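Below is structure.pdb, which holds PDB, C-alpha atoms.
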ATOM      1  CA  MET A   1     346.568 140.966  14.348
ATOM      2  CA  ALA A   2     350.041 141.264  15.907
ATOM      3  CA  GLU A   3     352.525 138.532  15.053
ATOM      4  CA  GLN A   4     352.511 135.997  17.877
ATOM      5  CA  LYS A   5     355.786 134.953  19.470
ATOM      6  CA  PRO A   6     356.918 131.327  19.620
ATOM      7  CA  GLN A   7     355.873 129.942  22.985
ATOM      8  CA  LEU A   8     354.920 126.762  24.838
ATOM      9  CA  PHE A   9     351.452 125.641  25.968
ATOM     10  CA  GLU A  10     350.378 122.799  28.230
ATOM     11  CA  LEU A  11     347.540 120.286  27.919
ATOM     12  CA  ASN A  12     347.048 118.413  31.187
ATOM     13  CA  ASN A  13     344.126 116.236  32.296
ATOM     14  CA  GLY A  14     345.747 114.948  35.491
ATOM     15  CA  LYS A  15     346.722 111.634  33.868
ATOM     16  CA  MET A  16     348.881 112.729  30.943
ATOM     17  CA  LYS A  17     350.596 115.978  30.022
ATOM     18  CA  VAL A  18     351.524 117.365  26.613
ATOM     19  CA  ILE A  19     353.647 120.450  25.921
ATOM     20  CA  VAL A  20     353.106 121.978  22.476
ATOM     21  CA  SER A  21     354.322 125.101  20.709
ATOM     22  CA  ASN A  22     352.697 127.489  18.267
ATOM     23  CA  TYR A  23     356.008 127.261  16.386
ATOM     24  CA  GLY A  24     355.479 124.413  13.910
ATOM     25  CA  CYS A  25     352.727 122.897  16.111
ATOM     26  CA  ILE A  26     355.597 121.037  17.789
ATOM     27  CA  ILE A  27     354.979 118.497  20.545
ATOM     28  CA  THR A  28     358.055 119.154  22.713
ATOM     29  CA  SER A  29     357.134 116.767  25.552
ATOM     30  CA  LEU A  30     354.492 114.119  26.168
ATOM     31  CA  PHE A  31     354.248 112.453  29.581
ATOM     32  CA  VAL A  32     352.357 109.171  30.035
ATOM     33  CA  PRO A  33     352.500 106.579  32.836
ATOM     34  CA  ASP A  34     354.447 103.302  32.731
ATOM     35  CA  LYS A  35     353.410  99.993  34.350
ATOM     36  CA  HIS A  36     354.163 101.451  37.827
ATOM     37  CA  GLY A  37     352.154 104.606  37.119
ATOM     38  CA  LYS A  38     355.351 106.634  36.792
ATOM     39  CA  LEU A  39     355.114 109.460  34.246
ATOM     40  CA  GLY A  40     357.778 109.524  31.567
ATOM     41  CA  ASP A  41     358.435 111.828  28.622
ATOM     42  CA  VAL A  42     358.223 109.660  25.499
ATOM     43  CA  VAL A  43     359.101 112.127  22.704
ATOM     44  CA  LEU A  44     362.481 113.375  21.504
ATOM     45  CA  GLY A  45     363.009 117.115  21.728
ATOM     46  CA  PHE A  46     364.680 120.086  23.417
ATOM     47  CA  ASP A  47     364.284 121.826  26.788
ATOM     48  CA  SER A  48     363.618 125.230  25.221
ATOM     49  CA  LEU A  49     362.358 126.563  21.903
ATOM     50  CA  GLU A  50     365.729 128.021  20.948
ATOM     51  CA  PRO A  51     367.214 124.877  19.297
ATOM     52  CA  TYR A  52     364.003 124.417  17.257
ATOM     53  CA  LEU A  53     364.180 128.039  16.108
ATOM     54  CA  LYS A  54     367.839 127.589  15.162
ATOM     55  CA  GLY A  55     367.032 124.542  13.022
ATOM     56  CA  ALA A  56     368.762 121.967  15.255
ATOM     57  CA  ALA A  57     365.828 119.532  15.112
ATOM     58  CA  PRO A  58     365.433 116.942  12.342
ATOM     59  CA  TYR A  59     361.661 117.650  12.359
ATOM     60  CA  PHE A  60     361.236 116.672  16.038
ATOM     61  CA  GLY A  61     357.565 116.765  17.038
ATOM     62  CA  CYS A  62     356.307 119.126  14.350
ATOM     63  CA  ILE A  63     353.592 119.203  11.714
ATOM     64  CA  VAL A  64     355.151 119.209   8.253
ATOM     65  CA  GLY A  65     353.532 120.695   5.146
ATOM     66  CA  ARG A  66     352.291 122.004   2.748
ATOM     67  CA  VAL A  67     353.346 118.596   1.412
ATOM     68  CA  ALA A  68     354.989 116.062   3.699
ATOM     69  CA  ASN A  69     357.642 113.650   2.480
ATOM     70  CA  ARG A  70     359.550 113.831  -0.799
ATOM     71  CA  ILE A  71     358.615 115.304  -4.169
ATOM     72  CA  LYS A  72     360.842 114.067  -6.975
ATOM     73  CA  GLU A  73     363.317 116.728  -8.142
ATOM     74  CA  GLY A  74     361.066 119.355  -6.503
ATOM     75  CA  LYS A  75     358.800 119.483  -9.548
ATOM     76  CA  PHE A  76     355.174 118.748 -10.352
ATOM     77  CA  THR A  77     352.627 119.812 -12.951
ATOM     78  CA  LEU A  78     349.048 120.755 -12.063
ATOM     79  CA  ASN A  79     346.462 121.757 -14.675
ATOM     80  CA  GLY A  80     349.233 122.302 -17.235
ATOM     81  CA  THR A  81     351.388 124.556 -15.020
ATOM     82  CA  GLU A  82     354.762 123.301 -13.845
ATOM     83  CA  TYR A  83     355.739 124.221 -10.292
ATOM     84  CA  SER A  84     359.302 124.211  -8.948
ATOM     85  CA  LEU A  85     359.979 123.786  -5.248
ATOM     86  CA  PRO A  86     363.119 124.303  -3.141
ATOM     87  CA  ILE A  87     365.490 121.313  -3.252
ATOM     88  CA  ASN A  88     366.452 120.412   0.324
ATOM     89  CA  ASN A  89     366.951 116.639   0.436
ATOM     90  CA  GLY A  90     369.404 115.273  -2.118
ATOM     91  CA  PRO A  91     367.732 116.020  -5.458
ATOM     92  CA  ASN A  92     364.255 116.281  -3.886
ATOM     93  CA  SER A  93     361.989 118.686  -2.059
ATOM     94  CA  LEU A  94     361.183 117.376   1.441
ATOM     95  CA  HIS A  95     358.464 118.316   3.967
ATOM     96  CA  GLY A  96     357.273 121.530   2.318
ATOM     97  CA  GLY A  97     360.627 123.116   1.471
ATOM     98  CA  LEU A  98     363.154 125.332   3.240
ATOM     99  CA  LYS A  99     360.559 127.000   5.456
ATOM    100  CA  GLY A 100     357.671 124.576   5.680
ATOM    101  CA  PHE A 101     354.781 124.625   8.147
ATOM    102  CA  ASP A 102     357.181 123.258  10.796
ATOM    103  CA  LYS A 103     359.227 126.492  10.737
ATOM    104  CA  VAL A 104     356.499 129.120  11.031
ATOM    105  CA  VAL A 105     354.578 130.590  13.954
ATOM    106  CA  TRP A 106     350.921 129.524  13.919
ATOM    107  CA  GLU A 107     348.172 131.631  15.471
ATOM    108  CA  VAL A 108     346.639 130.273  18.681
ATOM    109  CA  VAL A 109     342.909 130.352  17.978
ATOM    110  CA  GLU A 110     341.701 128.629  21.136
ATOM    111  CA  HIS A 111     343.219 127.020  24.249
ATOM    112  CA  LYS A 112     340.732 125.150  26.459
ATOM    113  CA  GLN A 113     341.353 123.637  29.911
ATOM    114  CA  GLY A 114     339.208 121.061  31.726
ATOM    115  CA  ASP A 115     338.684 117.303  31.357
ATOM    116  CA  ASN A 116     339.353 117.375  27.614
ATOM    117  CA  PRO A 117     341.888 120.163  27.243
ATOM    118  CA  SER A 118     342.666 121.261  23.687
ATOM    119  CA  ILE A 119     344.539 123.833  21.662
ATOM    120  CA  THR A 120     343.842 124.980  18.094
ATOM    121  CA  PHE A 121     346.487 126.507  15.844
ATOM    122  CA  LYS A 122     345.871 128.262  12.533
ATOM    123  CA  TYR A 123     348.193 129.196   9.685
ATOM    124  CA  HIS A 124     347.599 130.993   6.382
ATOM    125  CA  ALA A 125     349.997 129.836   3.672
ATOM    126  CA  ARG A 126     350.322 132.302   0.816
ATOM    127  CA  ASP A 127     350.114 131.696  -2.929
ATOM    128  CA  GLY A 128     353.657 130.900  -4.096
ATOM    129  CA  GLU A 129     354.972 130.183  -0.587
ATOM    130  CA  GLU A 130     357.819 127.649  -0.968
ATOM    131  CA  GLY A 131     356.755 127.343  -4.612
ATOM    132  CA  TYR A 132     353.255 125.950  -3.967
ATOM    133  CA  PRO A 133     350.141 127.305  -5.705
ATOM    134  CA  GLY A 134     347.317 129.132  -3.977
ATOM    135  CA  ASP A 135     346.442 130.569  -0.583
ATOM    136  CA  LEU A 136     345.715 127.828   1.944
ATOM    137  CA  SER A 137     344.080 128.149   5.354
ATOM    138  CA  VAL A 138     345.274 125.428   7.746
ATOM    139  CA  THR A 139     344.138 124.472  11.242
ATOM    140  CA  ALA A 140     345.477 121.876  13.677
ATOM    141  CA  THR A 141     343.808 120.925  16.975
ATOM    142  CA  TYR A 142     345.390 118.806  19.690
ATOM    143  CA  THR A 143     342.908 117.377  22.236
ATOM    144  CA  LEU A 144     343.299 115.058  25.211
ATOM    145  CA  THR A 145     340.202 113.003  24.430
ATOM    146  CA  SER A 146     340.497 110.607  27.381
ATOM    147  CA  ALA A 147     342.790 109.853  30.337
ATOM    148  CA  THR A 148     345.664 108.721  28.114
ATOM    149  CA  SER A 149     344.658 109.608  24.553
ATOM    150  CA  LEU A 150     345.761 112.479  22.327
ATOM    151  CA  ARG A 151     343.905 113.336  19.148
ATOM    152  CA  LEU A 152     345.139 115.565  16.350
ATOM    153  CA  ASP A 153     342.737 116.961  13.765
ATOM    154  CA  MET A 154     344.209 118.791  10.775
ATOM    155  CA  GLU A 155     342.241 120.676   8.126
ATOM    156  CA  ALA A 156     343.234 122.735   5.111
ATOM    157  CA  VAL A 157     341.041 124.785   2.775
ATOM    158  CA  PRO A 158     342.398 126.238  -0.489
ATOM    159  CA  LYS A 159     341.152 129.711  -1.406
ATOM    160  CA  ASP A 160     341.023 129.837  -5.205
ATOM    161  CA  LYS A 161     343.586 127.459  -6.709
ATOM    162  CA  PRO A 162     343.939 123.681  -6.608
ATOM    163  CA  THR A 163     346.977 122.629  -4.585
ATOM    164  CA  PRO A 164     348.589 119.478  -3.242
ATOM    165  CA  VAL A 165     348.170 119.134   0.543
ATOM    166  CA  ASN A 166     349.691 116.400   2.690
ATOM    167  CA  LEU A 167     350.226 117.193   6.364
ATOM    168  CA  ALA A 168     352.057 114.837   8.712
ATOM    169  CA  GLN A 169     352.885 114.770  12.426
ATOM    170  CA  HIS A 170     356.619 114.027  12.749
ATOM    171  CA  THR A 171     357.048 113.141  16.446
ATOM    172  CA  TYR A 172     359.898 110.775  17.299
ATOM    173  CA  TRP A 173     358.585 108.286  19.883
ATOM    174  CA  ASN A 174     360.562 106.356  22.469
ATOM    175  CA  LEU A 175     358.125 104.668  24.841
ATOM    176  CA  ALA A 176     360.893 103.737  27.282
ATOM    177  CA  GLY A 177     361.543 107.472  27.710
ATOM    178  CA  HIS A 178     363.111 109.987  25.342
ATOM    179  CA  ASN A 179     366.533 109.534  27.000
ATOM    180  CA  SER A 180     366.610 105.736  27.058
ATOM    181  CA  GLY A 181     368.562 105.037  23.867
ATOM    182  CA  SER A 182     367.657 102.752  20.981
ATOM    183  CA  ILE A 183     364.097 101.759  20.020
ATOM    184  CA  LEU A 184     365.275  98.504  18.401
ATOM    185  CA  ASP A 185     363.829  96.585  21.388
ATOM    186  CA  HIS A 186     360.378  98.110  20.861
ATOM    187  CA  SER A 187     357.963  95.837  19.066
ATOM    188  CA  ALA A 188     355.808  97.193  16.277
ATOM    189  CA  GLN A 189     352.737  96.061  14.420
ATOM    190  CA  ILE A 190     351.590  97.878  11.293
ATOM    191  CA  TRP A 191     348.214  97.236   9.685
ATOM    192  CA  ALA A 192     349.635  97.256   6.169
ATOM    193  CA  LYS A 193     350.104  94.409   3.707
ATOM    194  CA  HIS A 194     352.013  96.589   1.216
ATOM    195  CA  ILE A 195     354.664  99.286   1.017
ATOM    196  CA  THR A 196     355.609 101.702  -1.751
ATOM    197  CA  PRO A 197     359.237 100.731  -2.556
ATOM    198  CA  VAL A 198     361.719 103.510  -3.315
ATOM    199  CA  ASP A 199     364.691 104.218  -5.589
ATOM    200  CA  GLN A 200     368.166 105.322  -4.477
ATOM    201  CA  HIS A 201     366.855 108.859  -3.845
ATOM    202  CA  THR A 202     364.041 107.550  -1.584
ATOM    203  CA  ILE A 203     361.406 108.359  -4.219
ATOM    204  CA  PRO A 204     358.660 105.740  -4.749
ATOM    205  CA  THR A 205     359.027 103.698  -7.932
ATOM    206  CA  GLY A 206     355.226 103.665  -8.327
ATOM    207  CA  GLU A 207     354.981 100.008  -7.374
ATOM    208  CA  ILE A 208     352.741  98.774  -4.532
ATOM    209  CA  LYS A 209     354.610  95.792  -3.133
ATOM    210  CA  PRO A 210     353.466  93.068  -0.712
ATOM    211  CA  VAL A 211     355.456  92.949   2.541
ATOM    212  CA  GLU A 212     354.919  89.224   3.081
ATOM    213  CA  GLY A 213     358.206  87.336   3.300
ATOM    214  CA  THR A 214     360.271  90.569   3.459
ATOM    215  CA  PRO A 215     361.943  92.474   6.321
ATOM    216  CA  PHE A 216     359.158  95.066   5.903
ATOM    217  CA  ASP A 217     356.488  92.696   7.243
ATOM    218  CA  PHE A 218     355.022  94.007  10.506
ATOM    219  CA  THR A 219     351.560  92.506  10.002
ATOM    220  CA  LYS A 220     352.292  90.540  13.180
ATOM    221  CA  GLU A 221     353.931  92.186  16.186
ATOM    222  CA  LYS A 222     357.733  91.938  15.969
ATOM    223  CA  LYS A 223     360.782  93.676  17.362
ATOM    224  CA  ILE A 224     361.882  96.623  15.227
ATOM    225  CA  GLY A 225     365.480  95.392  15.439
ATOM    226  CA  THR A 226     364.722  91.880  14.181
ATOM    227  CA  SER A 227     365.444  92.478  10.495
ATOM    228  CA  ILE A 228     366.400  96.176  10.382
ATOM    229  CA  HIS A 229     369.935  95.251   9.267
ATOM    230  CA  GLU A 230     368.404  93.905   6.034
ATOM    231  CA  VAL A 231     366.990  97.287   4.970
ATOM    232  CA  GLY A 232     370.102  99.467   4.644
ATOM    233  CA  LEU A 233     370.252 102.346   7.136
ATOM    234  CA  GLY A 234     366.922 101.382   8.655
ATOM    235  CA  TYR A 235     363.224 101.805   7.947
ATOM    236  CA  ASP A 236     362.142 104.965   6.110
ATOM    237  CA  HIS A 237     359.239 103.647   4.080
ATOM    238  CA  ASN A 238     355.611 104.412   3.337
ATOM    239  CA  TYR A 239     353.249 101.644   4.420
ATOM    240  CA  VAL A 240     349.885 101.229   2.655
ATOM    241  CA  LEU A 241     347.326 101.111   5.481
ATOM    242  CA  ASP A 242     345.016  98.510   3.988
ATOM    243  CA  CYS A 243     343.989  96.018   6.686
ATOM    244  CA  GLY A 244     343.208  97.849   9.958
ATOM    245  CA  GLU A 245     339.796  97.608  11.609
ATOM    246  CA  GLU A 246     337.728 100.796  11.802
ATOM    247  CA  LYS A 247     336.606 102.777  14.843
ATOM    248  CA  SER A 248     334.748 106.111  14.775
ATOM    249  CA  GLY A 249     335.793 106.830  11.190
ATOM    250  CA  LEU A 250     339.474 106.026  11.802
ATOM    251  CA  LYS A 251     341.338 102.852  10.972
ATOM    252  CA  ARG A 252     344.001 101.157  12.994
ATOM    253  CA  ALA A 253     347.462 102.018  11.672
ATOM    254  CA  ALA A 254     350.117 100.871  14.122
ATOM    255  CA  LYS A 255     350.913  99.567  17.581
ATOM    256  CA  LEU A 256     354.182 100.298  19.328
ATOM    257  CA  LYS A 257     355.226  98.572  22.544
ATOM    258  CA  ASP A 258     358.211  98.993  24.860
ATOM    259  CA  PRO A 259     359.081  95.898  26.936
ATOM    260  CA  SER A 260     360.933  97.767  29.709
ATOM    261  CA  SER A 261     358.145 100.180  30.716
ATOM    262  CA  SER A 262     355.236  98.135  29.262
ATOM    263  CA  ARG A 263     354.013 101.355  27.616
ATOM    264  CA  VAL A 264     351.948 100.844  24.465
ATOM    265  CA  LEU A 265     350.914 103.302  21.761
ATOM    266  CA  ASN A 266     348.036 102.432  19.437
ATOM    267  CA  LEU A 267     347.669 104.788  16.483
ATOM    268  CA  TRP A 268     344.473 105.281  14.477
ATOM    269  CA  THR A 269     344.113 107.483  11.399
ATOM    270  CA  ASN A 270     342.043 108.247   8.300
ATOM    271  CA  ALA A 271     345.140 108.693   6.085
ATOM    272  CA  PRO A 272     345.983 106.135   3.360
ATOM    273  CA  GLY A 273     349.665 105.713   4.260
ATOM    274  CA  MET A 274     352.188 105.880   7.085
ATOM    275  CA  GLN A 275     355.894 106.641   6.933
ATOM    276  CA  PHE A 276     357.649 104.262   9.315
ATOM    277  CA  TYR A 277     360.978 105.923  10.120
ATOM    278  CA  THR A 278     363.557 104.679  12.601
ATOM    279  CA  ALA A 279     365.589 107.892  13.079
ATOM    280  CA  ASN A 280     368.333 106.662  10.741
ATOM    281  CA  TYR A 281     369.887 110.117  10.350
ATOM    282  CA  VAL A 282     369.807 111.206  14.007
ATOM    283  CA  ASN A 283     373.396 111.495  15.196
ATOM    284  CA  GLY A 284     374.642 112.994  18.465
ATOM    285  CA  ILE A 285     371.864 115.556  18.966
ATOM    286  CA  SER A 286     371.869 117.155  22.445
ATOM    287  CA  GLY A 287     368.289 116.915  23.671
ATOM    288  CA  LYS A 288     366.238 117.382  26.835
ATOM    289  CA  GLY A 289     367.895 117.084  30.211
ATOM    290  CA  GLY A 290     371.346 116.407  28.788
ATOM    291  CA  ALA A 291     370.195 113.377  26.790
ATOM    292  CA  VAL A 292     372.114 112.711  23.578
ATOM    293  CA  TYR A 293     369.990 111.256  20.783
ATOM    294  CA  GLU A 294     371.662 108.803  18.428
ATOM    295  CA  LYS A 295     370.658 106.720  15.394
ATOM    296  CA  HIS A 296     367.496 104.654  16.109
ATOM    297  CA  GLY A 297     366.885 106.717  19.270
ATOM    298  CA  GLY A 298     363.231 107.156  18.290
ATOM    299  CA  VAL A 299     360.624 105.996  15.808
ATOM    300  CA  CYS A 300     358.225 108.098  13.706
ATOM    301  CA  LEU A 301     354.739 106.954  12.713
ATOM    302  CA  GLU A 302     353.809 109.633  10.178
ATOM    303  CA  THR A 303     350.372 108.998   8.730
ATOM    304  CA  GLN A 304     350.162 110.687   5.353
ATOM    305  CA  GLY A 305     349.246 110.660   1.695
ATOM    306  CA  PHE A 306     351.746 108.641  -0.326
ATOM    307  CA  PRO A 307     355.163 110.244  -1.013
ATOM    308  CA  ASP A 308     355.499 111.985  -4.392
ATOM    309  CA  ALA A 309     351.791 111.286  -5.007
ATOM    310  CA  VAL A 310     351.605 114.492  -7.035
ATOM    311  CA  ASN A 311     353.815 112.792  -9.667
ATOM    312  CA  GLN A 312     352.363 109.266  -9.418
ATOM    313  CA  ALA A 313     349.083 108.739 -11.241
ATOM    314  CA  ASN A 314     348.365 105.387  -9.551
ATOM    315  CA  PHE A 315     348.705 106.776  -5.985
ATOM    316  CA  PRO A 316     345.704 108.340  -4.207
ATOM    317  CA  SER A 317     345.590 112.019  -5.201
ATOM    318  CA  VAL A 318     346.707 114.637  -2.672
ATOM    319  CA  VAL A 319     345.329 117.557  -4.707
ATOM    320  CA  VAL A 320     342.599 119.606  -3.016
ATOM    321  CA  GLN A 321     340.308 121.752  -5.152
ATOM    322  CA  PRO A 322     338.884 125.169  -4.219
ATOM    323  CA  GLY A 323     335.591 124.476  -2.446
ATOM    324  CA  GLY A 324     337.103 121.234  -1.169
ATOM    325  CA  ARG A 325     338.696 120.485   2.192
ATOM    326  CA  TYR A 326     341.644 118.402   3.335
ATOM    327  CA  GLN A 327     340.974 116.572   6.607
ATOM    328  CA  HIS A 328     343.409 114.295   8.461
ATOM    329  CA  SER A 329     342.929 112.894  11.957
ATOM    330  CA  MET A 330     345.248 110.880  14.186
ATOM    331  CA  LEU A 331     344.406 109.266  17.522
ATOM    332  CA  PHE A 332     347.279 108.284  19.817
ATOM    333  CA  GLU A 333     346.041 105.884  22.515
ATOM    334  CA  PHE A 334     348.508 105.120  25.306
ATOM    335  CA  SER A 335     348.199 102.190  27.692
ATOM    336  CA  VAL A 336     350.307  99.548  29.448
ATOM    337  CA  GLU A 337     350.236  95.800  28.839
TER
END

Turn the structure described in the file into C-alpha cells.
Amino acid sequence: MAEQKPQLFELNNGKMKVIVSNYGCIITSLFVPDKHGKLGDVVLGFDSLEPYLKGAAPYFGCIVGRVANRIKEGKFTLNGTEYSLPINNGPNSLHGGLKGFDKVVWEVVEHKQGDNPSITFKYHARDGEEGYPGDLSVTATYTLTSATSLRLDMEAVPKDKPTPVNLAQHTYWNLAGHNSGSILDHSAQIWAKHITPVDQHTIPTGEIKPVEGTPFDFTKEKKIGTSIHEVGLGYDHNYVLDCGEEKSGLKRAAKLKDPSSSRVLNLWTNAPGMQFYTANYVNGISGKGGAVYEKHGGVCLETQGFPDAVNQANFPSVVVQPGGRYQHSMLFEFSVE
C-alpha cells in the first residue's frame, strides 16, 4: 500500500467538531459549546500540519507510544535481555523515543460520517524500532459517541515477542478556549487518593503516596492554581486512579471546569494512572490564529500505565505477551454547568 501523506480529517455531528490527523493521531482542534452555545476550540495546537511535522509541538494533541512517559536511563530488561532506548529527556527516554508514535504517519483504515462519526488509524511498529522489542500492530479509533462526547479506543497486539506497551493521549486542554491564557483558574477534581512521587529526574521512586494533606490533593474540586506554587514548576505527576465510580467498563478519572465559559470536561478511562501535567515547559509557542501559548496555558490529562513501570516491580505491569492484547479507552464528556 502506498505511503499515506499527513493530512487532516473532520468528525462533526452538528454539535461538536474535532479535527484529527493521521500524523501522530493528533487532535489539532476540538470545538464544543460554552454556556451561551458558542463553539470554542479548547485544545492547543497549530493552524497547519507543518509545525507538527517540523517538531515545534511539545506533544500537542498526539498519541504517544510505544511507551508513554519516562523510562529511567532509557533501559529495561525483559526475559533476561537488556534493551536500550534513545535518551531524549534529561537522562531518560520519554514518550517512545526520538520518533515515537506521535511522529509517524498512521494508515487511515476507516472514516465514517453520520450521527456517530469516527475515524480509525493503524500503525505497524517494527521489531527494534526506537529500541523496543517485537513487531506491534496498533489501532486508534476516535468516535463522537454522543452530542458532546469523544471516545478514544486504542489497541495493540504484539506479533511474536513480549513488549512493554503504554499509549497515552497528550492533548493540552484549555476549556476557556485555546487562546485564553492560563488554566490556573480552571478547577480540577481527580479520582485518585495516591500519586507516584518522583526523583529529581522525574522518575518514580517506587512509592505510592497518599495525597491527603498535600498540594497534590484533588479528591475534592479545587482551583489548579491554589497550591501549584508548592510543587516546583507545576504539576507533572502520575495519579493512581483508585476511587472513581464505574460506568460501562470505564472508571471516572478527572473533571475539569472553566469558570468563564462554564465548560466542563469529565474524563473516564480503564487505565490505572493519569499524568496530570500543567504545561510547565510551554514557553512562547506560536499557535492557532496568532495565539501565543505560555507556561500553564493548557492542562494534560494523560491516562496511562504508571511511568517507568517496566523497571518497577510493584507497579502494574505494562508488558504485553504474544497472543495478548493491550486495550485502553478514554471517554471525554463535555458539558456546561

### Query
Can you list, as a VMD selection string, the residues that the PyMOL selection byres ((chain A and resi 177) around 8) selects here?
chain A and resid 40 to 43 174 to 176 178 to 180

### Task
Would you write out, as a PyMOL selection string, every residue that the PyMOL selection byres ((chain A and resi 146-151) around 6) captures in this file?
chain A and resi 15-16+142-145+152+330-334

### Task
Taking the file above as input, evaluate the PyMOL selection byres ((chain A and resi 140) around 7) and report the hits as a ChimeraX atom specification.
/A:120-122,138-139,141-142,152-155

Let's have the selection written as an mmCIF file, in the coordinates of the input, with C-alpha atoms.
data_model
loop_
_atom_site.group_PDB
_atom_site.id
_atom_site.type_symbol
_atom_site.label_atom_id
_atom_site.label_comp_id
_atom_site.auth_asym_id
_atom_site.auth_seq_id
_atom_site.Cartn_x
_atom_site.Cartn_y
_atom_site.Cartn_z
ATOM 1 C CA THR A 120 343.842 124.980 18.094
ATOM 2 C CA PHE A 121 346.487 126.507 15.844
ATOM 3 C CA LYS A 122 345.871 128.262 12.533
ATOM 4 C CA VAL A 138 345.274 125.428 7.746
ATOM 5 C CA THR A 139 344.138 124.472 11.242
ATOM 6 C CA THR A 141 343.808 120.925 16.975
ATOM 7 C CA TYR A 142 345.390 118.806 19.690
ATOM 8 C CA LEU A 152 345.139 115.565 16.350
ATOM 9 C CA ASP A 153 342.737 116.961 13.765
ATOM 10 C CA MET A 154 344.209 118.791 10.775
ATOM 11 C CA GLU A 155 342.241 120.676 8.126
#

Could you give me, as a tab-separated table, every region 48-121 of chain A residue with an atom at most 7 Å from region 304-316 of chain A, plus its closest atom pair and distance in Å to one decimal, counting all atoms listed in the file, rows ordered by chain then number?
residue	atom	partner	partner_atom	distance
A:Asn69	CA	A:Pro307	CA	5.5
A:Arg70	CA	A:Pro307	CA	5.7
A:Ile71	CA	A:Asp308	CA	4.6
A:Lys72	CA	A:Asp308	CA	6.3
A:Phe76	CA	A:Asn311	CA	6.1

### Query
Using all atoms listed in the file, which residue out of A:Thr278, A:Asn116, A:Gln189, A:Asn270 lies closest to Leu250 (chain A)?
A:Asn270

### Query
So which residues fall inside 12 Å of (357.8, 98.6, 22.1) if we count only C-alpha atoms? Mind giving them as number ranges by chain?
A: 42, 173-177, 182-189, 221-225, 254-266, 298-299, 334-337

Supply region 210-221 of chain A as an mmCIF file, in the frame of the given file, with N, CA, C and O atoms built in where the input has gaps.
data_model
loop_
_atom_site.group_PDB
_atom_site.id
_atom_site.type_symbol
_atom_site.label_atom_id
_atom_site.label_comp_id
_atom_site.auth_asym_id
_atom_site.auth_seq_id
_atom_site.Cartn_x
_atom_site.Cartn_y
_atom_site.Cartn_z
ATOM 1 N N PRO A 210 353.822 93.812 -1.931
ATOM 2 C CA PRO A 210 353.466 93.068 -0.712
ATOM 3 C C PRO A 210 354.662 92.953 0.241
ATOM 4 O O PRO A 210 355.797 92.784 -0.202
ATOM 5 N N VAL A 211 354.380 93.052 1.543
ATOM 6 C CA VAL A 211 355.456 92.949 2.541
ATOM 7 C C VAL A 211 355.716 91.504 2.950
ATOM 8 O O VAL A 211 356.763 91.201 3.535
ATOM 9 N N GLU A 212 354.799 90.618 2.633
ATOM 10 C CA GLU A 212 354.919 89.224 3.081
ATOM 11 C C GLU A 212 356.256 88.619 2.644
ATOM 12 O O GLU A 212 356.677 88.775 1.502
ATOM 13 N N GLY A 213 356.939 87.988 3.603
ATOM 14 C CA GLY A 213 358.206 87.336 3.300
ATOM 15 C C GLY A 213 359.378 88.292 3.143
ATOM 16 O O GLY A 213 360.445 87.914 2.677
ATOM 17 N N THR A 214 359.191 89.571 3.555
ATOM 18 C CA THR A 214 360.271 90.569 3.459
ATOM 19 C C THR A 214 360.539 91.146 4.856
ATOM 20 O O THR A 214 359.718 90.989 5.765
ATOM 21 N N PRO A 215 361.669 91.841 5.025
ATOM 22 C CA PRO A 215 361.943 92.474 6.321
ATOM 23 C C PRO A 215 360.970 93.602 6.660
ATOM 24 O O PRO A 215 360.977 94.118 7.778
ATOM 25 N N PHE A 216 360.133 93.985 5.690
ATOM 26 C CA PHE A 216 359.158 95.066 5.903
ATOM 27 C C PHE A 216 357.853 94.570 6.521
ATOM 28 O O PHE A 216 356.943 95.355 6.779
ATOM 29 N N ASP A 217 357.746 93.275 6.760
ATOM 30 C CA ASP A 217 356.488 92.696 7.243
ATOM 31 C C ASP A 217 356.326 92.911 8.745
ATOM 32 O O ASP A 217 357.035 92.308 9.553
ATOM 33 N N PHE A 218 355.387 93.797 9.099
ATOM 34 C CA PHE A 218 355.022 94.007 10.506
ATOM 35 C C PHE A 218 353.538 93.703 10.707
ATOM 36 O O PHE A 218 352.912 94.252 11.617
ATOM 37 N N THR A 219 352.988 92.829 9.860
ATOM 38 C CA THR A 219 351.560 92.506 10.002
ATOM 39 C C THR A 219 351.313 91.769 11.319
ATOM 40 O O THR A 219 350.210 91.824 11.868
ATOM 41 N N LYS A 220 352.327 91.076 11.820
ATOM 42 C CA LYS A 220 352.292 90.540 13.180
ATOM 43 C C LYS A 220 353.325 91.293 14.004
ATOM 44 O O LYS A 220 354.361 91.696 13.481
ATOM 45 N N GLU A 221 353.025 91.448 15.304
ATOM 46 C CA GLU A 221 353.931 92.186 16.186
ATOM 47 C C GLU A 221 355.334 91.578 16.141
ATOM 48 O O GLU A 221 355.502 90.372 16.267
#
